[in-house]
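Dropping entry20.cif in here (mmCIF, C-alpha atoms and all ligand atoms):
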data_structure
loop_
_atom_site.label_atom_id
_atom_site.label_comp_id
_atom_site.auth_asym_id
_atom_site.auth_seq_id
_atom_site.Cartn_x
_atom_site.Cartn_y
_atom_site.Cartn_z
CA MET A 1 4.24 9.93 38.36
CA ALA A 2 4.40 13.72 38.27
CA LYS A 3 1.58 15.73 39.76
CA GLU A 4 -1.22 16.63 37.35
CA ARG A 5 -4.12 19.06 37.44
CA LEU A 6 -7.46 17.62 38.54
CA ASP A 7 -9.24 18.78 35.37
CA LYS A 8 -6.54 17.17 33.20
CA VAL A 9 -6.69 13.84 35.03
CA LEU A 10 -10.49 13.67 35.01
CA GLY A 11 -10.63 14.75 31.36
CA HIS A 12 -8.20 11.94 30.49
CA LEU A 13 -10.40 9.45 32.37
CA GLY A 14 -13.42 10.56 30.34
CA VAL A 15 -15.33 12.30 33.14
CA GLY A 16 -16.20 15.29 30.94
CA THR A 17 -14.98 18.52 29.44
CA ARG A 18 -12.91 20.96 31.49
CA LYS A 19 -16.04 23.07 31.96
CA GLU A 20 -18.07 20.10 33.22
CA ILE A 21 -15.27 19.05 35.58
CA HIS A 22 -15.02 22.62 36.89
CA ARG A 23 -18.76 22.52 37.61
CA LEU A 24 -18.51 19.15 39.39
CA ALA A 25 -15.64 20.48 41.52
CA ARG A 26 -17.50 23.69 42.41
CA ALA A 27 -20.48 21.56 43.45
CA GLY A 28 -18.23 19.65 45.91
CA LEU A 29 -18.70 16.33 44.10
CA ILE A 30 -15.02 15.44 43.69
CA THR A 31 -12.82 13.99 46.42
CA VAL A 32 -9.14 13.12 46.37
CA ASP A 33 -8.06 10.85 49.23
CA GLY A 34 -11.34 11.64 50.98
CA GLU A 35 -10.97 15.43 50.78
CA VAL A 36 -13.46 17.49 48.82
CA ILE A 37 -11.57 19.41 46.09
CA THR A 38 -13.43 22.43 44.74
CA ASP A 39 -10.51 23.84 42.70
CA SER A 40 -10.18 22.04 39.36
CA ALA A 41 -6.57 23.30 39.06
CA PHE A 42 -5.62 21.27 42.18
CA LYS A 43 -2.49 19.19 41.50
CA PHE A 44 -1.92 15.64 42.70
CA ASP A 45 -0.35 12.32 41.67
CA PRO A 46 -3.21 10.25 40.24
CA LEU A 47 -1.28 6.99 40.68
CA GLN A 48 -0.94 7.56 44.42
CA SER A 49 -4.41 8.93 45.15
CA ARG A 50 -7.99 7.72 45.54
CA ILE A 51 -10.33 9.76 43.37
CA GLU A 52 -14.13 9.74 43.71
CA VAL A 53 -16.65 11.58 41.57
CA ASP A 54 -20.15 11.82 43.03
CA GLY A 55 -19.28 8.95 45.39
CA GLU A 56 -18.02 6.64 42.60
CA PRO A 57 -14.34 5.60 42.71
CA LEU A 58 -12.32 6.26 39.54
CA HIS A 59 -9.36 4.10 38.61
CA TYR A 60 -6.52 5.90 36.91
CA ARG A 61 -5.09 4.43 33.69
CA ALA A 62 -2.40 5.94 31.54
CA HIS A 63 -3.82 4.47 28.33
CA PHE A 64 -6.92 2.94 26.76
CA HIS A 65 -7.23 0.20 24.15
CA LEU A 66 -10.25 -0.95 22.15
CA LEU A 67 -10.83 -3.86 19.81
CA LEU A 68 -13.18 -2.79 17.03
CA HIS A 69 -14.88 -4.98 14.43
CA LYS A 70 -14.52 -2.58 11.52
CA PRO A 71 -17.35 -2.85 9.04
CA ALA A 72 -16.89 -2.08 5.33
CA GLY A 73 -17.63 1.52 4.34
CA TYR A 74 -15.57 3.24 7.05
CA ILE A 75 -12.11 4.73 6.60
CA THR A 76 -9.26 3.97 9.02
CA SER A 77 -8.92 7.52 10.19
CA THR A 78 -9.99 9.67 13.10
CA LYS A 79 -10.86 12.64 10.83
CA ASP A 80 -13.84 12.81 8.49
CA ARG A 81 -11.95 14.13 5.49
CA ASP A 82 -12.33 11.43 2.84
CA GLY A 83 -15.23 9.41 4.20
CA ILE A 84 -16.83 8.27 7.45
CA PRO A 85 -14.04 7.64 9.98
CA ILE A 86 -14.02 4.59 12.26
CA THR A 87 -14.29 6.93 15.26
CA ALA A 88 -17.91 7.61 14.15
CA LEU A 89 -18.63 4.06 15.41
CA LEU A 90 -17.60 4.86 18.99
CA PRO A 91 -20.37 5.32 21.54
CA GLU A 92 -20.30 8.50 23.61
CA GLU A 93 -18.57 6.89 26.59
CA TRP A 94 -15.60 6.09 24.34
CA THR A 95 -15.43 9.40 22.51
CA ARG A 96 -12.03 11.02 22.98
CA ASP A 97 -9.66 12.87 20.69
CA ASP A 98 -6.46 10.86 21.28
CA TRP A 99 -7.43 7.53 19.67
CA MET A 100 -4.95 6.14 17.15
CA PRO A 101 -5.75 3.16 14.88
CA VAL A 102 -3.09 0.43 14.90
CA GLY A 103 -2.36 -0.05 11.21
CA ARG A 104 -4.82 0.50 8.39
CA LEU A 105 -7.65 -1.47 6.92
CA ASP A 106 -8.98 -0.38 3.53
CA LYS A 107 -12.44 1.15 3.31
CA ASP A 108 -13.88 -2.13 1.96
CA THR A 109 -11.97 -4.36 4.42
CA GLU A 110 -13.68 -5.63 7.54
CA GLY A 111 -12.35 -7.09 10.74
CA LEU A 112 -10.17 -6.59 13.75
CA LEU A 113 -8.84 -3.09 14.24
CA LEU A 114 -7.15 -2.01 17.44
CA LEU A 115 -7.45 1.53 18.71
CA THR A 116 -5.03 2.78 21.33
CA THR A 117 -4.04 6.01 23.04
CA ASP A 118 -0.43 4.79 23.51
CA GLY A 119 1.84 6.10 20.74
CA GLU A 120 4.81 3.89 21.66
CA LEU A 121 2.66 0.76 21.63
CA LEU A 122 1.27 1.78 18.23
CA HIS A 123 4.77 2.39 16.88
CA ARG A 124 6.04 -1.02 17.93
CA LEU A 125 2.96 -2.99 16.88
CA THR A 126 3.27 -1.56 13.36
CA HIS A 127 7.08 -1.65 13.05
CA PRO A 128 8.40 -4.55 10.91
CA ARG A 129 11.08 -5.27 13.52
CA TRP A 130 8.48 -6.78 15.87
CA LYS A 131 6.93 -8.96 13.11
CA VAL A 132 3.45 -8.91 14.65
CA ALA A 133 1.38 -11.49 12.76
CA LYS A 134 -1.78 -10.35 11.00
CA ARG A 135 -4.15 -13.07 9.77
CA TYR A 136 -6.66 -12.36 7.01
CA TYR A 137 -9.55 -14.31 5.57
CA ALA A 138 -9.86 -13.59 1.86
CA GLU A 139 -12.30 -14.56 -0.88
CA LEU A 140 -10.65 -14.64 -4.28
CA ALA A 141 -11.79 -14.36 -7.90
CA ALA A 142 -9.83 -17.51 -8.85
CA PRO A 143 -8.70 -20.51 -6.77
CA ALA A 144 -5.38 -20.05 -4.99
CA THR A 145 -2.79 -22.70 -5.83
CA PRO A 146 -0.01 -24.63 -4.07
CA GLU A 147 2.36 -22.51 -6.18
CA ASP A 148 0.94 -19.35 -4.54
CA VAL A 149 1.61 -20.98 -1.17
CA ALA A 150 5.23 -21.62 -2.17
CA VAL A 151 5.82 -18.15 -3.65
CA PHE A 152 4.36 -16.36 -0.59
CA ALA A 153 6.39 -18.62 1.76
CA THR A 154 9.70 -17.72 0.14
CA GLY A 155 9.12 -13.98 0.37
CA SER A 156 9.90 -13.59 -3.32
CA ILE A 157 7.11 -11.10 -4.03
CA VAL A 158 8.45 -7.58 -4.46
CA LEU A 159 6.29 -4.55 -3.63
CA ASP A 160 7.55 -0.98 -4.01
CA GLY A 161 11.00 -2.32 -4.91
CA GLU A 162 11.37 -4.35 -1.70
CA ALA A 163 10.92 -8.11 -1.16
CA LEU A 164 8.15 -9.08 1.24
CA GLN A 165 8.80 -11.17 4.32
CA PRO A 166 7.66 -14.81 4.07
CA ALA A 167 3.90 -15.17 4.47
CA GLU A 168 1.78 -18.23 5.19
CA LEU A 169 -1.08 -18.94 2.79
CA ARG A 170 -3.53 -21.57 4.02
CA LEU A 171 -5.77 -23.25 1.48
CA GLY A 172 -9.05 -24.70 2.72
CA ALA A 173 -11.50 -27.10 1.09
CA ASP A 174 -12.50 -24.26 -1.26
CA PRO A 175 -9.27 -22.67 -2.60
CA ARG A 176 -11.18 -19.46 -3.37
CA LYS A 177 -11.57 -18.98 0.40
CA VAL A 178 -8.14 -18.72 2.02
CA GLU A 179 -6.31 -17.45 5.07
CA LEU A 180 -3.10 -15.48 4.81
CA VAL A 181 -0.74 -14.62 7.66
CA ILE A 182 1.61 -11.68 7.07
CA HIS A 183 4.13 -10.04 9.39
CA GLU A 184 4.29 -6.53 8.00
CA GLY A 185 1.72 -4.02 6.83
CA ARG A 186 2.42 -2.50 3.43
CA TYR A 187 -0.19 -0.41 1.65
CA HIS A 188 -2.96 -2.72 0.25
CA GLN A 189 -0.56 -5.58 0.96
CA VAL A 190 -2.91 -8.56 0.74
CA LYS A 191 -4.67 -7.31 -2.39
CA ARG A 192 -1.35 -6.54 -4.07
CA MET A 193 0.11 -9.94 -3.14
CA PHE A 194 -2.74 -11.73 -4.89
CA ALA A 195 -2.64 -9.24 -7.77
CA ALA A 196 1.05 -10.13 -8.21
CA ARG A 197 -0.12 -13.73 -8.68
CA GLY A 198 -2.71 -12.72 -11.29
CA ASN A 199 -5.59 -13.10 -8.85
CA GLN A 200 -8.00 -10.63 -7.24
CA VAL A 201 -9.30 -10.25 -3.68
CA LEU A 202 -13.09 -9.88 -3.70
CA TYR A 203 -13.61 -9.78 0.07
CA LEU A 204 -11.15 -9.25 2.92
CA ARG A 205 -11.49 -9.56 6.69
CA ARG A 206 -8.73 -9.35 9.30
CA VAL A 207 -9.37 -12.16 11.76
CA ALA A 208 -6.34 -11.89 14.05
CA PHE A 209 -3.77 -9.34 15.10
CA GLY A 210 -0.88 -10.73 17.16
CA LEU A 211 -2.44 -12.82 19.91
CA LEU A 212 -5.83 -11.17 19.51
CA GLU A 213 -8.57 -12.97 17.56
CA LEU A 214 -11.66 -11.27 16.16
CA PRO A 215 -14.34 -12.51 18.59
CA HIS A 216 -17.10 -14.51 16.84
CA ASP A 217 -19.78 -12.73 18.85
CA LEU A 218 -18.56 -9.21 18.02
CA GLU A 219 -20.83 -7.88 15.26
CA PRO A 220 -19.40 -5.55 12.57
CA GLY A 221 -19.46 -2.03 14.05
CA ALA A 222 -19.24 -3.31 17.64
CA LEU A 223 -16.25 -2.92 19.95
CA ARG A 224 -15.00 -3.99 23.31
CA GLU A 225 -12.26 -2.99 25.68
CA LEU A 226 -9.22 -5.25 25.85
CA SER A 227 -9.00 -7.32 29.04
CA PRO A 228 -6.03 -6.71 31.39
CA GLU A 229 -4.60 -10.09 30.26
CA GLU A 230 -4.85 -9.10 26.58
CA ILE A 231 -3.21 -5.74 27.29
CA ASN A 232 -0.34 -7.43 29.15
CA ALA A 233 0.20 -9.92 26.32
CA LEU A 234 0.17 -7.16 23.70
CA TYR A 235 2.75 -5.03 25.52
CA GLU A 236 4.91 -8.06 26.27
CA ALA A 237 4.90 -9.14 22.60
CA VAL A 238 6.65 -5.88 21.65
CA GLY A 239 9.00 -5.64 24.62
CA LEU A 240 7.08 -3.02 26.57
CA GLU A 241 5.81 -2.87 30.12
CA VAL A 242 2.21 -1.85 30.73
CA GLN A 243 2.06 1.68 32.09
CA GLN A 244 -0.37 2.13 34.97
N1 LIG B 1 -4.18 -5.70 2.91
C1 LIG B 1 -5.01 -5.10 2.04
O1 LIG B 1 -4.85 -5.20 0.84
N2 LIG B 1 -6.01 -4.36 2.55
C2 LIG B 1 -6.25 -4.24 3.87
O2 LIG B 1 -7.20 -3.57 4.28
C3 LIG B 1 -5.38 -4.88 4.76
C4 LIG B 1 -4.34 -5.61 4.25
#

The structure given in the file should be rewritten as structure tokens.
Ligand code: URA
Amino acid sequence: MAKERLDKVLGHLGVGTRKEIHRLARAGLITVDGEVITDSAFKFDPLQSRIEVDGEPLHYRAHFHLLLHKPAGYITSTKDRDGIPITALLPEEWTRDDWMPVGRLDKDTEGLLLLTTDGELLHRLTHPRWKVAKRYYAELAAPATPEDVAVFATGSIVLDGEALQPAELRLGADPRKVELVIHEGRYHQVKRMFAARGNQVLYLRRVAFGLLELPHDLEPGALRELSPEEINALYEAVGLEVQQ
């Protein structure tokens, strides 16, 4: 990796603002490979170096990924233009300005929403070519029918002039409470699919995205970091290698 400025690397790792990092450096609290670095413009390769701040080792990572249980009432955005953005749910230690949501959930939709800082990962996870499965739990105004199952499975629903890819509708004991697996992410897709069948979605929750399941113990509004195994699986699913 190319050499980077100390203040840039530490800012990326969430140590603080440039000003705060400058202060830490001036106070002699930052070491790189055991040497005290007082100049925050010092350049080094973060992948090849041991960094400590106030005696605590820092591990360099190119990107960060969070799994958020989005509650209803928040907009899938990082800017507070048309409502409260999902980034308002992030605790201070996770506040940064390069988060990107992976796909969109409507304001009234709950469930699994990934946030990443990796633009290429985001691009692939949301591109139809990679057919990443998204599973939704939906509560409907009227019972879903075996005919709905057949119509969704053939991909014969047309939205915005284009046929949808085949989708799997799973009927449970109560056909008003269903699961739907889709492999693309059109605007309001699930609601519009049921609307095309003369039905209406009353409640919607995304319960899985690719290999990731919404954890049962993750309350709405809560989040957790992805594990290294989950990150590997996610990158692998879209033909990418994890960047260190
Ligand atoms: N489909 C919808 O209609 N809304 C969502 O939020 C997600 C998928």

| query | With only C-alpha atoms as the basis for distance, which of A:Gly210, A:Pro91, A:Gly73, A:Pro146 is at the shortest distance from Ala222 (chain A)? | reply | A:Pro91

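Among A:Asp7, A:Asp106, A:Asp160, A:Asp82, the residue with the shortest atom-to-atom distance to ligand LIG 1 (chain B), counting all atoms listed in the file, is A:Asp106.
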
List as a tab-separated table (two decimals) with C-alpha atoms, in the frame of the given file the residues having at least one atom at most 9 Å from position (8.2, -16.0, 6.5) as given in the file, counting only C-alpha atoms.
chain	number	residue	atom	x	y	z
A	152	PHE	CA	4.36	-16.36	-0.59
A	153	ALA	CA	6.39	-18.62	1.76
A	154	THR	CA	9.70	-17.72	0.14
A	155	GLY	CA	9.12	-13.98	0.37
A	164	LEU	CA	8.15	-9.08	1.24
A	165	GLN	CA	8.80	-11.17	4.32
A	166	PRO	CA	7.66	-14.81	4.07
A	167	ALA	CA	3.90	-15.17	4.47
A	168	GLU	CA	1.78	-18.23	5.19
A	182	ILE	CA	1.61	-11.68	7.07
A	183	HIS	CA	4.13	-10.04	9.39

Determine, using all atoms listed in the file, which residues of chain A have any atom at most 10 Å from an atom of ligand LIG 1 (chain B), and tabulate each with its shortest atom pair and distance in Å to one decimal place, rows ordered by chain and then rising number, as CSV.
residue,atom,partner,partner_atom,distance
A:Ala72,CA,B:LIG1,O2,9.9
A:Ile75,CA,B:LIG1,O2,9.9
A:Thr76,CA,B:LIG1,O2,9.1
A:Gly103,CA,B:LIG1,C3,8.6
A:Arg104,CA,B:LIG1,O2,6.3
A:Leu105,CA,B:LIG1,O2,3.4
A:Asp106,CA,B:LIG1,O2,3.7
A:Lys107,CA,B:LIG1,O2,7.1
A:Asp108,CA,B:LIG1,O2,7.2
A:Thr109,CA,B:LIG1,O2,4.8
A:Glu110,CA,B:LIG1,O2,7.5
A:Gly111,CA,B:LIG1,O2,9.0
A:Lys134,CA,B:LIG1,C4,8.6
A:Arg135,CA,B:LIG1,C4,9.3
A:Tyr136,CA,B:LIG1,C4,7.7
A:Ala138,CA,B:LIG1,N1,9.8
A:Leu180,CA,B:LIG1,C4,10.0
A:Ile182,CA,B:LIG1,C4,9.0
A:Glu184,CA,B:LIG1,C4,9.5
A:Gly185,CA,B:LIG1,C4,6.8
A:Arg186,CA,B:LIG1,N1,7.4
A:Tyr187,CA,B:LIG1,O1,6.7
A:His188,CA,B:LIG1,O1,3.2
A:Gln189,CA,B:LIG1,N1,4.1
A:Val190,CA,B:LIG1,N1,3.8
A:Lys191,CA,B:LIG1,O1,3.9
A:Arg192,CA,B:LIG1,O1,6.2
A:Met193,CA,B:LIG1,O1,7.9
A:Phe194,CA,B:LIG1,O1,8.9
A:Ala195,CA,B:LIG1,O1,9.8
A:Val201,CA,B:LIG1,O1,8.1
A:Tyr203,CA,B:LIG1,N2,9.7
A:Leu204,CA,B:LIG1,O2,7.1
A:Arg205,CA,B:LIG1,O2,7.8
A:Arg206,CA,B:LIG1,C3,7.2

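Separating CA of Leu67 (chain A) from CA of Pro175 (chain A) is a distance of 29.3 Å.
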
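Put simply, CA of Gln48 (chain A) is 10.2 Å away from CA of Ala2 (chain A).
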
Return the padded bounding box of region 47-66 of chain A as JSON: axis-aligned, built from all atoms listed in the file, 6 Å added on each side, with centre and edge lengths in Å to one decimal.
{"center_x": -10.5, "center_y": 5.4, "center_z": 33.8, "size_x": 31.2, "size_y": 24.8, "size_z": 35.4}

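Each of A:Leu115, A:Ile51, A:Ile37, A:Ala27 was compared to Leu10 (chain A) using all atoms listed in the file, and A:Ile51 turns out to be the nearest.
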